[in-house]
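Only one structure is covered here, and it is reproduced in the block below.
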Amino acid sequence: MKRTLIALGLTASLLCAAACTNTGGPGGAGGDKVKIGVFMSLTGSTAQFGISSTNGIKMAADEVNAAGGINGKQVELLVQDDRSDAQEAATIVTKFVTQDGVHGILGEVASSRTIAAAPIAQNAKVPLLTPSSTNPEVTKAGDYIFRSCFIDPVQGAAMSQFAGKSLGKRRAALMVDRKNDYSTGLEKVINEVFPKFGGQVVITQSFQEGDTDFNGQLTSIKGANPDVIFIPAYYGDVALIAKQARDKGLNVPLIGGDGWDSAQLYTIGGAAVVGSYFTNHYSPYDTDPKVQKFVQDYQKRYGQIPDALAATAYDSAHIMFDAIKRANSLDGKAIRDALAATKDFPGVTGTVNFNASRDAVKPIMMIRVDEGGKYVIQERVVVEGAAMPSEAGAGGANTNTNANANTAATPAANTNATGNANTGANANTNTNANANAKATATP
Amino acid sequence: MSTFIQQLINGISLGAIYALIALGYTMVYGVLKLINFAHGDVYMVGAFMGYYLSNGLGAQWAQKLGMDPNGLVARGLLGGGAMEPSLITALVVMLLAMTICALLGVVIERLAYRPVRKYSRLTALITAIGVSLLLENGGQVVFGADPKFFPELFKKQNIDLGGGVSVNSSDIVVLIIAVVLMVVLQFIVYYTKTGKAMRAVSYNLQSAKLMGINTDRIIAFTFALGSALAAAAGVLVAIRIPRIDPLMGILVGLKAFVAAVLGGIGNIPGAMLGGLLIGITETMVVGYLSPTYKDAVAFAILILVLLFRPSGLLGSVAQEKV
Amino acid sequence: MPRYARNLVIAFLLLAALYALDYFVFDPSRRMISPYVARIIMLAGINITLAVSLNLINGFTGQFSIGHAGFMAVGAYSSAYFSVTYGKGIAESLGDGALGWGLALLLATLLGALVAGAAGFLVGVPSLRLKGDYLAIVTLGFGQIIVVFLNNIEAIGGARGYSGIPIVKSFFWIFLVAVLTIVAVHNIVNSAFGRALVSIREDELASEAMGVNTTRYKVMAFVISSALAGAGGVLLAHFDGYLNPKSFEFIKSFEILIMIILGGLGSIVGSILGAVVLTVLPEALRGFAEYRMVIYSVLLIILMITRPQGLLGNIDPFKGWRARNRAKTRTEAEEITAEDTRDKESVDKATLGERARDTSLGEGDTRP
């Protein structure tokens, strides 16, 4: 009994300790700083993506602070690592909105973590802007949840349209990472859209993260005799698949999404990936002076060429700062409204508008891999209305914007209140990619 | 048919690597009855050591020691930087990584496992999980969480065997090295005095002690041996598939552990057999069924085997275990 | 006062206390407590359910199972599917308020526990014939197989995760389930059934010789433990309204295992303490940024070295495995059962052989 009491006492005091730590709380909110919570996977399975994104955000914050802050207030970033875990992400966002009193939240590369955290931000009425979670579900959590990248279905449609229309390919093979929602999501869209351009998916093979030997699948693919192979997966797998495919004598073009974006794609893949194409948010070889300045600054600071994740995260931070500036207030509602009213924001990943479901609308770049690892812009793809995948509704086009009132918690109410601004834009597909791209390029 | 043979070759090559890691699990289990969950992470460290060595860390050390970084000593003994890719390079890098990991194994045993050896096995097991977490999390801090790409240690090429079957030279090299290492291990365990002591310890630790065997030293030696094999597997995997990251040991470690249990944990030939079986099954499932169920099938086979042969394929009580 | 009356009063008081806490302290609209702290406390509550239920099979029965996360996943996913499909309807039939959602959650919890228990039965019957490490790897294997299937079932989101589950974040329900789990395990352990379980842990052979149907008891304990884990999973599913198969891989099982061993195997209070400590610790270490998990693992190792029996361990964990009293017990058991078991001896040889090796290991413990 005594021991029980001691234990219960210990337990209680631990809980108290937890309760008492940083109760500094929301009280400090009204202060002279703009607090932005950043939750990212700095360790765990997608750490690399979280690190790139955090780098981009930190750079943006320093730029704004060096220029005198937002309406005279300095930006304070609170960066937390969620260990690539959804529950942890939800805990961090809870902490942000209750203990730390943040005014805005930037976060997560992976859709799963953003989906888990979004309802909390929504309930607390703190705007959350995700730089690179591409699952359409993400912004359905409510009207405080925004995304500054294109969603997967649009990206998949762009890939299909490019292969079918621009390249005139007819027989496609698909190589899918079955355990990965990014990959399976794109698979669905390609299956739906590619036939609209006269093509046909003749064979689908799958693998999973961590696999390194693709000879079995490639042998089967070769038997089906495709003229193009879609590999909606991450660059590490893609490079290995490309090498093994070329070894097998499969010399057709490979097409992928923003998961390919990394200098490592060429470093490992070498000649095997030259002549392949992938959709992306931006290209460091873009001649736009704004992009060039970003690339140079980033390189000076981190010694790497920024990857698309760093670029989208950098843009998302600036979009958030811009909205806070226009709101001229630290009130959640005001910032939310300003975010929604963002018009033609000139980002390094293109001109950003939000549609009625609070997803960014911007063009998708189709990148070609050239000798020497140069990722050049081949085409700025504007997905044709007819090619819009059913699932994309929300995302790319203005099609049905608010269809998604959904889940229990969220008041469907003002979902589309703000969407107006950008409507016309849908033509351009927007890109957003999920998480993954990352590049540790050579300086 | 040619596809089948091709798959079989892929499977054997993968299986040989699983077998190397499984050996470490099985040897430690043999002497301590401990499932050393940190073993998969030692394999990861081995791969990273190989990475740093082959990227010229050796040459930098050599320079610090005042040696010519392109000289024979630096290149031969320290896995120097600007080397021509060759088999010798690969071997040097592998041996150095093995040495480092052998030391790591001994350190882990001394600092973490020995203090809990006198307690229950479950305490030791949780300690092993702790060490595993430490290596994974520490690895992310020290090596960086992003994947690294292993340089090509020797020129790979495809060798056509005719009939549409081809083998990559890296597979052959991996297989040969793995077999040689297993033969060496067999020799150590069955034909040396230390090996005899290991077998004695595994048979009965207390009696072994009474017979004058320094059991602490034998246990440390077992860890060194197992960790060295894991490091070798790490470098070999990186040669075959040049992408490494600090969490790479979790899944492979788990599969190697499954392989060890499948063969009969504590049994050396069993570990080899189990490794090969898992490697081949996995490749076949990927090739002919769906890769999605790969892990499920590997575990399902393990479960079936254990239900009918509760101590694994080759494990039996009569058999001595190391 | 008769015993049952006293128990009724205690039960009533407990319910009232939980409800009062929920109503006056944890209701977010009252702003009594930071939602962040509330969240940590509730997560600790879920972990208490998981840890105490695992303790029943690992700590009290001595069967080394490390597939707990799999059963949790079965409970979580089955109940989530139920809630997504019928939850709103049930809640609305009672006015879409706390009462309606309470009923929906109650039904979901019962269903989740039932399905997880059934899964436990399917896994337990074949696997519990195995012992020690073999049982461990088989339960781990089943756990992983469950995750592989979850990844492949599109109806529940597959690899993208299952979103849109109604969120019922209730202190009352979480701690009601935790308390019920504690009471259930406590009562089981102090019943004839529980003593049989402990006898299996102490010496399976002897216990069988004494007439305990060990297989049946082991399976029963396993099913109960799985069902309770399923209930914990249900709470987790409705906590954030989002599930992902990745959350239920073997790492999660290890986490729960660490809780019960850190707290002290075979001690209910220990499990509670372990669950709380391991929920709070990573939060407390948040300030260390990327070194947080490194520190966490070092602390774990140091704790195991300095407190091998766990924070509150009063029993020698897995005595049945090692051999402090092995020689003595076995002689007794053999004396009693020598004749009855003669013909069984060949069958049991394997076990005995293993025990013999264990003995050697155990006796090694006495080294100076």
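Residue numbering restarts at 1 in every chain; chains get A, B, ... in the order shown in the structure tokens, and ligands count up from 1 in that same order.
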I want to know what sits within 9 Å of Ser169 (chain B), based on only C-alpha atoms, with residues of the same chain fewer than 5 positions away left out; could you give that as a ChimeraX atom specification? /B:155-159,174
What does the file look like for those residues with N, CA and C atoms, as a PDB file, in the first residue's frame?
```pdb
ATOM      1  N   LYS B 155      34.272  -1.359 -60.309  1.00  0.00           N
ATOM      2  CA  LYS B 155      33.487  -1.202 -61.528  1.00  0.00           C
ATOM      3  C   LYS B 155      32.479  -2.344 -61.631  1.00  0.00           C
ATOM      4  N   LYS B 156      31.213  -1.983 -61.671  1.00  0.00           N
ATOM      5  CA  LYS B 156      30.212  -3.039 -61.800  1.00  0.00           C
ATOM      6  C   LYS B 156      29.921  -3.289 -63.267  1.00  0.00           C
ATOM      7  N   GLN B 157      29.699  -4.506 -63.591  1.00  0.00           N
ATOM      8  CA  GLN B 157      29.243  -4.769 -64.958  1.00  0.00           C
ATOM      9  C   GLN B 157      28.328  -5.978 -64.980  1.00  0.00           C
ATOM     10  N   ASN B 158      27.551  -6.043 -66.023  1.00  0.00           N
ATOM     11  CA  ASN B 158      26.643  -7.164 -66.167  1.00  0.00           C
ATOM     12  C   ASN B 158      27.315  -8.287 -66.929  1.00  0.00           C
ATOM     13  N   ILE B 159      27.199  -9.479 -66.401  1.00  0.00           N
ATOM     14  CA  ILE B 159      27.802 -10.616 -67.081  1.00  0.00           C
ATOM     15  C   ILE B 159      26.680 -11.479 -67.642  1.00  0.00           C
ATOM     16  N   VAL B 174      29.586 -10.049 -53.860  1.00  0.00           N
ATOM     17  CA  VAL B 174      28.891 -10.136 -52.579  1.00  0.00           C
ATOM     18  C   VAL B 174      28.783 -11.588 -52.147  1.00  0.00           C
TER      19      VAL B 174
END
```
Contact set, chain C to chain A: 7 Å, only C-alpha atoms, as a short mmCIF file (atom, residue, chain, number, x, y, z; two decimals) with N, CA and C atoms, in the first residue's frame:
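Just written: result-v8.cif:
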```cif
data_model
loop_
_atom_site.label_atom_id
_atom_site.label_comp_id
_atom_site.auth_asym_id
_atom_site.auth_seq_id
_atom_site.Cartn_x
_atom_site.Cartn_y
_atom_site.Cartn_z
N SER C 34 -4.67 23.62 -19.51
CA SER C 34 -4.22 23.81 -20.88
C SER C 34 -4.52 22.56 -21.72
N PRO C 35 -5.08 22.74 -22.90
CA PRO C 35 -5.36 21.57 -23.73
C PRO C 35 -4.11 20.71 -23.98
N TYR C 36 -2.96 21.36 -23.98
CA TYR C 36 -1.73 20.60 -24.18
C TYR C 36 -1.51 19.63 -23.02
N VAL C 37 -1.64 20.15 -21.80
CA VAL C 37 -1.47 19.29 -20.63
C VAL C 37 -2.58 18.23 -20.61
N ASN C 151 -2.18 -1.89 -44.52
CA ASN C 151 -1.63 -1.09 -45.61
C ASN C 151 -2.32 -1.37 -46.93
N ALA C 159 -2.40 2.75 -47.12
CA ALA C 159 -1.18 3.41 -46.67
C ALA C 159 -1.35 4.90 -46.46
N ARG C 160 -2.39 5.50 -47.06
CA ARG C 160 -2.54 6.95 -46.85
C ARG C 160 -3.05 7.26 -45.46
N GLY C 161 -3.53 6.25 -44.78
CA GLY C 161 -4.08 6.51 -43.45
C GLY C 161 -5.58 6.71 -43.54
N GLY C 164 -10.96 11.25 -41.09
CA GLY C 164 -12.40 11.50 -41.01
C GLY C 164 -13.10 10.70 -39.93
N PRO C 166 -14.73 10.27 -36.44
CA PRO C 166 -15.26 11.26 -35.50
C PRO C 166 -14.34 11.40 -34.29
N ASP C 240 -7.38 11.55 -32.26
CA ASP C 240 -7.02 12.54 -33.27
C ASP C 240 -7.87 12.40 -34.53
N TYR C 242 -7.54 10.25 -36.74
CA TYR C 242 -6.73 9.84 -37.88
C TYR C 242 -5.89 8.64 -37.49
N VAL C 269 0.67 -1.24 -10.53
CA VAL C 269 1.04 0.15 -10.25
C VAL C 269 2.28 0.53 -11.05
N LEU C 273 2.77 3.61 -13.64
CA LEU C 273 3.86 4.56 -13.52
C LEU C 273 4.70 4.58 -14.80
N VAL C 276 2.96 6.45 -17.54
CA VAL C 276 2.97 7.90 -17.34
C VAL C 276 4.37 8.46 -17.61
N VAL C 280 5.31 11.21 -20.48
CA VAL C 280 5.72 12.56 -20.11
C VAL C 280 7.18 12.83 -20.48
N ALA C 284 8.96 16.22 -21.72
CA ALA C 284 9.84 16.97 -20.83
C ALA C 284 11.18 17.24 -21.49
N ALA C 289 15.68 19.41 -28.34
CA ALA C 289 15.59 19.34 -29.81
C ALA C 289 16.04 17.99 -30.33
#
```
inquiry  = as a PyMOL selection string, could you give me every residue of chain A near chain B (at most 10 Å apart, counting only C-alpha atoms)?
reply    = chain A and resi 42-52+177-179+205-208+210-220+236-237+240+247-248+264+267-268+438-440
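Near chain C, the residues of chain B that fall inside 6 Å (using only C-alpha atoms) are Val116, Lys118, Thr123, Thr127, Gly130, Leu133, Leu134, Asn137, Gly138, Asn204, Leu205, Gln206, Ala296, Phe299, Ile303 and Val317 of chain B.
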Could you write out the selected residues, including N, CA and C atoms, as a CSV table (one decimal), in the first residue's frame?
```csv
chain,number,residue,atom,x,y,z
B,116,VAL,N,24.0,-5.8,-17.1
B,116,VAL,CA,22.7,-6.4,-16.9
B,116,VAL,C,22.7,-7.9,-17.0
B,118,LYS,N,23.7,-10.2,-15.2
B,118,LYS,CA,23.3,-10.9,-14.0
B,118,LYS,C,21.8,-10.8,-13.7
B,123,THR,N,15.3,-7.8,-18.8
B,123,THR,CA,16.1,-6.6,-18.6
B,123,THR,C,17.1,-6.4,-19.7
B,127,THR,N,17.4,-3.5,-22.5
B,127,THR,CA,18.6,-2.8,-22.7
B,127,THR,C,19.0,-2.8,-24.2
B,130,GLY,N,17.1,-0.4,-26.0
B,130,GLY,CA,17.7,0.9,-25.7
B,130,GLY,C,18.9,1.2,-26.5
B,133,LEU,N,17.8,1.9,-30.0
B,133,LEU,CA,17.3,3.3,-30.2
B,133,LEU,C,18.4,4.3,-30.2
B,134,LEU,N,19.4,4.0,-29.3
B,134,LEU,CA,20.5,5.0,-29.2
B,134,LEU,C,21.3,5.1,-30.5
B,137,ASN,N,18.9,6.9,-33.1
B,137,ASN,CA,18.8,8.3,-32.9
B,137,ASN,C,20.1,9.0,-32.9
B,138,GLY,N,21.1,8.4,-32.4
B,138,GLY,CA,22.5,8.9,-32.4
B,138,GLY,C,23.0,9.0,-33.9
B,204,ASN,N,27.1,-24.5,-21.8
B,204,ASN,CA,26.8,-24.3,-20.4
B,204,ASN,C,27.8,-23.3,-19.9
B,205,LEU,N,27.3,-22.1,-19.6
B,205,LEU,CA,28.2,-21.1,-19.2
B,205,LEU,C,28.9,-21.4,-17.9
B,206,GLN,N,28.2,-21.9,-17.0
B,206,GLN,CA,28.7,-22.1,-15.7
B,206,GLN,C,29.8,-23.2,-15.7
B,296,ALA,N,4.7,-9.9,-45.1
B,296,ALA,CA,3.7,-10.8,-44.6
B,296,ALA,C,4.0,-12.2,-44.9
B,299,PHE,N,6.9,-13.5,-42.8
B,299,PHE,CA,6.5,-13.8,-41.4
B,299,PHE,C,5.6,-15.1,-41.4
B,303,ILE,N,6.1,-18.4,-39.2
B,303,ILE,CA,5.1,-18.8,-38.3
B,303,ILE,C,4.7,-20.3,-38.6
B,317,VAL,N,17.5,-29.7,-29.8
B,317,VAL,CA,18.1,-29.6,-28.5
B,317,VAL,C,19.4,-30.3,-28.5
```
Worksheet entry | Residues near Ala113 (chain C), cut-off 8 Å, only C-alpha atoms, skip fewer than 3 positions along chain, as a PyMOL selection string | chain C and resi 75+109-110+116-117+226-231+234
Deliver the residues from the most recent selection as a file, using N, CA and C atoms, as a PDB file, in the first residue's frame.
```
ATOM      1  N   GLY C  75      -8.290  -3.240 -32.974  1.00  0.00           N
ATOM      2  CA  GLY C  75      -9.339  -2.536 -32.249  1.00  0.00           C
ATOM      3  C   GLY C  75      -9.561  -1.140 -32.816  1.00  0.00           C
ATOM      4  N   THR C 109     -16.206   0.945 -28.674  1.00  0.00           N
ATOM      5  CA  THR C 109     -15.210   0.337 -27.788  1.00  0.00           C
ATOM      6  C   THR C 109     -15.492  -1.147 -27.610  1.00  0.00           C
ATOM      7  N   LEU C 110     -16.772  -1.464 -27.395  1.00  0.00           N
ATOM      8  CA  LEU C 110     -17.115  -2.877 -27.239  1.00  0.00           C
ATOM      9  C   LEU C 110     -16.750  -3.654 -28.495  1.00  0.00           C
ATOM     10  N   ALA C 116     -10.657  -7.269 -31.484  1.00  0.00           N
ATOM     11  CA  ALA C 116      -9.264  -7.471 -31.092  1.00  0.00           C
ATOM     12  C   ALA C 116      -9.125  -8.764 -30.291  1.00  0.00           C
ATOM     13  N   GLY C 117     -10.116  -9.038 -29.436  1.00  0.00           N
ATOM     14  CA  GLY C 117     -10.078 -10.286 -28.679  1.00  0.00           C
ATOM     15  C   GLY C 117     -10.137 -11.487 -29.600  1.00  0.00           C
ATOM     16  N   SER C 226      -5.489  -8.992 -25.352  1.00  0.00           N
ATOM     17  CA  SER C 226      -5.672  -8.416 -26.690  1.00  0.00           C
ATOM     18  C   SER C 226      -6.909  -7.531 -26.739  1.00  0.00           C
ATOM     19  N   ALA C 227      -7.992  -8.013 -26.104  1.00  0.00           N
ATOM     20  CA  ALA C 227      -9.232  -7.240 -26.143  1.00  0.00           C
ATOM     21  C   ALA C 227      -9.031  -5.884 -25.464  1.00  0.00           C
ATOM     22  N   LEU C 228      -8.321  -5.884 -24.331  1.00  0.00           N
ATOM     23  CA  LEU C 228      -8.083  -4.622 -23.634  1.00  0.00           C
ATOM     24  C   LEU C 228      -7.199  -3.704 -24.473  1.00  0.00           C
ATOM     25  N   ALA C 229      -6.197  -4.300 -25.150  1.00  0.00           N
ATOM     26  CA  ALA C 229      -5.360  -3.501 -26.045  1.00  0.00           C
ATOM     27  C   ALA C 229      -6.217  -2.909 -27.152  1.00  0.00           C
ATOM     28  N   GLY C 230      -7.175  -3.712 -27.641  1.00  0.00           N
ATOM     29  CA  GLY C 230      -8.087  -3.214 -28.671  1.00  0.00           C
ATOM     30  C   GLY C 230      -8.865  -2.010 -28.173  1.00  0.00           C
ATOM     31  N   ALA C 231      -9.324  -2.078 -26.915  1.00  0.00           N
ATOM     32  CA  ALA C 231     -10.058  -0.946 -26.346  1.00  0.00           C
ATOM     33  C   ALA C 231      -9.168   0.293 -26.321  1.00  0.00           C
ATOM     34  N   VAL C 234      -9.100   1.729 -29.679  1.00  0.00           N
ATOM     35  CA  VAL C 234     -10.333   2.462 -29.994  1.00  0.00           C
ATOM     36  C   VAL C 234     -10.206   3.914 -29.540  1.00  0.00           C
TER      37      VAL C 234
END
```
Alpha helix (DSSP H) call set, DSSP backbone run, region 110-210 of chain C, as a count of residues only: 75
**Message:** What's around region 124-130 of chain A at 7 Å? Count only C-alpha atoms, leave out sequence neighbours fewer than 5 positions away in its own chain, and write the answer as a PyMOL selection string.
**Reply:** chain A and resi 97+103-108+144-148+316+332-333+336
Write a file of the just-selected residues containing C-alpha atoms, as a PDB file, in the first residue's frame.
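Result went into part.pdb, see below:
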```
ATOM      1  CA  VAL A  97      -1.846  26.846 -29.905  1.00  0.00           C
ATOM      2  CA  HIS A 103      -0.094  33.336 -34.422  1.00  0.00           C
ATOM      3  CA  GLY A 104       0.433  31.061 -37.355  1.00  0.00           C
ATOM      4  CA  ILE A 105       1.638  27.523 -37.999  1.00  0.00           C
ATOM      5  CA  LEU A 106       3.763  26.209 -40.812  1.00  0.00           C
ATOM      6  CA  GLY A 107       4.072  22.550 -41.138  1.00  0.00           C
ATOM      7  CA  GLU A 108       4.601  19.222 -42.239  1.00  0.00           C
ATOM      8  CA  TYR A 144      -8.012  27.801 -41.270  1.00  0.00           C
ATOM      9  CA  ILE A 145      -5.999  25.207 -43.143  1.00  0.00           C
ATOM     10  CA  PHE A 146      -4.149  26.307 -46.275  1.00  0.00           C
ATOM     11  CA  ARG A 147      -1.684  24.745 -48.625  1.00  0.00           C
ATOM     12  CA  SER A 148       0.840  26.511 -50.773  1.00  0.00           C
ATOM     13  CA  SER A 316       4.934  29.336 -47.617  1.00  0.00           C
ATOM     14  CA  GLY A 332      -6.264  34.448 -36.036  1.00  0.00           C
ATOM     15  CA  LYS A 333      -9.365  35.355 -37.973  1.00  0.00           C
ATOM     16  CA  ARG A 336      -6.876  33.729 -41.979  1.00  0.00           C
TER      17      ARG A 336
END
```
Skipping near chain neighbours, those fewer than 5 positions away, what residues fall within 10 Å of Val219 (chain C) using only C-alpha atoms, listed as a PDB file with N, CA and C atoms, in the first residue's frame?
```
ATOM      1  N   ILE C  57      -0.413 -10.460 -19.805  1.00  0.00           N
ATOM      2  CA  ILE C  57       0.151 -11.623 -20.501  1.00  0.00           C
ATOM      3  C   ILE C  57       1.657 -11.729 -20.267  1.00  0.00           C
ATOM      4  N   GLY C 120      -6.918 -11.907 -31.093  1.00  0.00           N
ATOM      5  CA  GLY C 120      -6.039 -12.493 -30.093  1.00  0.00           C
ATOM      6  C   GLY C 120      -6.224 -13.998 -30.004  1.00  0.00           C
ATOM      7  N   PHE C 121      -7.476 -14.427 -30.116  1.00  0.00           N
ATOM      8  CA  PHE C 121      -7.758 -15.861 -30.064  1.00  0.00           C
ATOM      9  C   PHE C 121      -7.122 -16.569 -31.254  1.00  0.00           C
ATOM     10  N   LEU C 122      -7.339 -15.991 -32.450  1.00  0.00           N
ATOM     11  CA  LEU C 122      -6.793 -16.610 -33.662  1.00  0.00           C
ATOM     12  C   LEU C 122      -5.270 -16.696 -33.610  1.00  0.00           C
ATOM     13  N   VAL C 123      -4.650 -15.659 -33.073  1.00  0.00           N
ATOM     14  CA  VAL C 123      -3.193 -15.662 -32.997  1.00  0.00           C
ATOM     15  C   VAL C 123      -2.729 -16.539 -31.841  1.00  0.00           C
ATOM     16  N   GLY C 124      -3.456 -16.454 -30.724  1.00  0.00           N
ATOM     17  CA  GLY C 124      -3.001 -17.121 -29.507  1.00  0.00           C
ATOM     18  C   GLY C 124      -3.039 -18.640 -29.596  1.00  0.00           C
ATOM     19  N   VAL C 125      -4.100 -19.177 -30.169  1.00  0.00           N
ATOM     20  CA  VAL C 125      -4.245 -20.635 -30.159  1.00  0.00           C
ATOM     21  C   VAL C 125      -3.041 -21.332 -30.780  1.00  0.00           C
ATOM     22  N   PRO C 126      -2.646 -20.935 -32.006  1.00  0.00           N
ATOM     23  CA  PRO C 126      -1.461 -21.619 -32.522  1.00  0.00           C
ATOM     24  C   PRO C 126      -0.163 -21.187 -31.831  1.00  0.00           C
ATOM     25  N   SER C 127      -0.014 -19.886 -31.556  1.00  0.00           N
ATOM     26  CA  SER C 127       1.310 -19.438 -31.107  1.00  0.00           C
ATOM     27  C   SER C 127       1.636 -19.814 -29.682  1.00  0.00           C
ATOM     28  N   LEU C 128       0.642 -19.879 -28.826  1.00  0.00           N
ATOM     29  CA  LEU C 128       0.977 -20.070 -27.417  1.00  0.00           C
ATOM     30  C   LEU C 128       1.514 -21.459 -27.119  1.00  0.00           C
ATOM     31  N   ARG C 129       1.553 -22.314 -28.134  1.00  0.00           N
ATOM     32  CA  ARG C 129       2.248 -23.595 -27.938  1.00  0.00           C
ATOM     33  C   ARG C 129       3.748 -23.351 -27.860  1.00  0.00           C
ATOM     34  N   THR C 214      -2.783 -25.510 -18.872  1.00  0.00           N
ATOM     35  CA  THR C 214      -1.974 -24.319 -19.151  1.00  0.00           C
ATOM     36  C   THR C 214      -2.346 -23.677 -20.481  1.00  0.00           C
ATOM     37  N   ILE C 224      -7.894 -11.896 -23.356  1.00  0.00           N
ATOM     38  CA  ILE C 224      -8.295 -10.743 -22.538  1.00  0.00           C
ATOM     39  C   ILE C 224      -7.334  -9.577 -22.765  1.00  0.00           C
ATOM     40  N   SER C 225      -6.055  -9.906 -22.760  1.00  0.00           N
ATOM     41  CA  SER C 225      -5.045  -8.869 -22.955  1.00  0.00           C
ATOM     42  C   SER C 225      -5.222  -8.189 -24.314  1.00  0.00           C
TER      43      SER C 225
END
```
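For the pair CA of Asn58 (chain C) and CA of Asp295 (chain B), the separation is 25.5 Å.
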Shell of 9 Å around Asp32 (chain A), only C-alpha atoms, local chain residues under 5 positions omitted, as a list of chain:residue names: A:Gly72, A:Lys73, A:Gln74
Please produce an output containing N, CA and C atoms for each residue in the selection, written as a tab-separated table (two decimals), in the first residue's frame.
```
chain	number	residue	atom	x	y	z
A	72	GLY	N	6.90	46.14	-38.12
A	72	GLY	CA	7.71	46.51	-36.97
A	72	GLY	C	7.92	45.43	-35.94
A	73	LYS	N	7.24	44.31	-36.10
A	73	LYS	CA	7.43	43.24	-35.12
A	73	LYS	C	8.35	42.16	-35.69
A	74	GLN	N	9.25	41.70	-34.85
A	74	GLN	CA	10.15	40.64	-35.29
A	74	GLN	C	9.42	39.29	-35.31
```
| request: Quick one: pick out all strand (DSSP E) residues within region 27-256 of chain A from a backbone DSSP run and write them as a PyMOL selection string. | output: chain A and resi 33-40+74-81+104-107+128-130+145-147+171-177+200-207+228-230+254-256
Report as a PyMOL selection string all protein, DNA and RNA residues lying within 8 Å of Ala61 (chain A), evaluated on only C-alpha atoms, omitting residues in the same chain fewer than 5 positions from it. chain A and resi 75-77+317-318
I need the chosen residues saved as a short mmCIF file (atom, residue, chain, number, x, y, z; two decimals), in the first residue's frame, with N, CA and C atoms.
```
data_model
loop_
_atom_site.label_atom_id
_atom_site.label_comp_id
_atom_site.auth_asym_id
_atom_site.auth_seq_id
_atom_site.Cartn_x
_atom_site.Cartn_y
_atom_site.Cartn_z
N VAL A 75 9.85 38.44 -36.21
CA VAL A 75 9.27 37.10 -36.29
C VAL A 75 10.07 36.15 -35.40
N GLU A 76 9.37 35.40 -34.59
CA GLU A 76 10.04 34.38 -33.77
C GLU A 76 9.55 33.01 -34.22
N LEU A 77 10.49 32.16 -34.65
CA LEU A 77 10.10 30.82 -35.08
C LEU A 77 10.24 29.85 -33.92
N ALA A 317 6.43 30.38 -46.00
CA ALA A 317 6.73 31.29 -44.90
C ALA A 317 6.45 32.73 -45.33
N HIS A 318 6.91 33.07 -46.53
CA HIS A 318 6.69 34.45 -46.99
C HIS A 318 5.20 34.74 -47.21
#
```
note - CA of Gly67 (chain C) and CA of Ile182 (chain C) are separated by 20.4 Å
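CA of Ala271 (chain B) is positioned 5.6 Å from CA of Leu23 (chain B).
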